[in-house]
Amino acid sequence: MTEELNGKYEALKNYFKSLGSVAVAFSSGVDSTLMLKVAHDVLGDKAVAITARSHSFPVREKTEASEFCKKEGIEHIFVDSEELNIPGFKQNPKNRCYLCKHELFEEIIKVAKNHKLAYVCEGSNLDDNGDYRPGLQAVAELGVKSPLRDCNLWKSEIRAISKELGLETWKKQSFACLASRFVYGETISIEKLDMVDKAEQLLLDLGFEQERVRIHSFGNGETSGTIARIEVNPNEFSKVLAHQEKIVSEFKKIGFNYVSMDLQGYRTGSMNETLNKQ
């Protein structure tokens, strides 16, 4: 570990030590896994993992979260936080992420208080400052801590520290909730969330390094349908074509009418690219 990276790692440990006890919002992703690992190493049983159950959170992620906590001996609590029940969420407004995060962190704060844990922590990092992230407004309003951002950690540094600590997530794909695959203003439903989940699982099973399946609906009534827009890294474009028949066949079984590939490739927040036009 470089001197600079080690300095940030030590700062992160000291950060948790200063908090005394924490409830960690744990999704089993790259960021929250490192955050939970360091918090538990420093605070022991005063660091508790809390994971939300909802239709926008794939079963595979819940399973990985459970397995990690069992392996590390970390107390793990599940809370039910169904975004589709939040007034206005289904309509997928621009502040969808704010609505979701506010409800989620309110639930986690309740659990933290019941377990006499002083703070709630979430896993945003410095890379998240460069995109439209309404969820961070909820973080600020509710006084939730952001250890990785506060210790000036970038995603690449989080991966590097994770690798040094032997965490398998150091090379895990970046993940965001399945609701982020929908165009703003398009109704989010359990059926469509399930379609996206199954489509992305197929690409994961085919071994893609990083992928997203964005869903676009068109038409009304008998002329309505859905389009899958696949985002992968440009170096894997040829892999999509190599598996073209299987991908198209399986996506249509899942329920998509058309299957397309985005020539710009994978990028975070691609659904935000239309915001300045609305």
# chains A, B, ... in the order shown; residues from 1 in each chain; ligands from 1

call {"tool": "select_by_dssp", "arguments": {"residues": "segment 11-253 of chain A", "states": "alpha helix (DSSP H)", "output": "PyMOL selection string"}}
result
chain A and resi 11-19+30-43+59-72+96-114+135-141+147-150+155-164+190-205+237-242+244-253

call {"tool": "select_by_dssp", "arguments": {"residues": "segment 24-245 of chain A", "states": "strand (DSSP E or B)", "output": "MDAnalysis selection string"}}
result
chainID A and resid 24:25 47:53 76:80 119:121 145 182 211:218 225:232

call {"tool": "residues_around", "arguments": {"residues": "Glu64 of chain A", "least_positions_apart": "2", "cutoff": "12 Å", "atoms": "only C-alpha atoms", "output": "VMD selection string"}}
result
chain A and resid 26 to 30 33 51 57 to 62 66 to 71 76 168 to 169 172

call {"tool": "residues_around", "arguments": {"residues": "Pro93 of chain A", "least_positions_apart": "2", "cutoff": "7 Å", "atoms": "only C-alpha atoms", "output": "JSON, numbers by chain"}}
result
{"A": [89, 91, 95, 96, 184, 185]}

call {"tool": "atom_distance", "arguments": {"atom1": "atom CA of Glu231 of chain A", "atom2": "atom CA of Leu263 of chain A"}}
result
7.9 Å

call {"tool": "residues_around", "arguments": {"residues": "segment 157-160 of chain A", "least_positions_apart": "3", "cutoff": "6 Å", "atoms": "only C-alpha atoms", "output": "PyMOL selection string"}}
result
chain A and resi 154+163+170

call {"tool": "write_last_selection", "arguments": {"atoms": "C-alpha atoms", "output": "short mmCIF file (atom, residue, chain, number, x, y, z; two decimals), in the first residue's frame"}}
result
data_model
loop_
_atom_site.label_atom_id
_atom_site.label_comp_id
_atom_site.auth_asym_id
_atom_site.auth_seq_id
_atom_site.Cartn_x
_atom_site.Cartn_y
_atom_site.Cartn_z
CA TRP A 154 -12.02 7.69 -4.47
CA LYS A 163 -7.52 -5.75 -2.39
CA TRP A 170 -12.14 -5.25 -4.73
#

call {"tool": "residues_around", "arguments": {"residues": "Lys46 of chain A", "least_positions_apart": "3", "cutoff": "9 Å", "atoms": "only C-alpha atoms", "output": "JSON, numbers by chain"}}
result
{"A": [20, 21, 22, 23, 39, 40, 42, 43, 117]}

call {"tool": "closest_residue", "arguments": {"among": "A:Thr268, A:Asn257, A:Ser124, A:Ser156", "to": "Val144 of chain A", "atoms": "only C-alpha atoms"}}
result
A:Ser124

call {"tool": "closest_residue", "arguments": {"among": "A:Ile230, A:Gly73, A:Asp262, A:Ser18", "to": "Asp45 of chain A", "atoms": "only C-alpha atoms"}}
result
A:Gly73
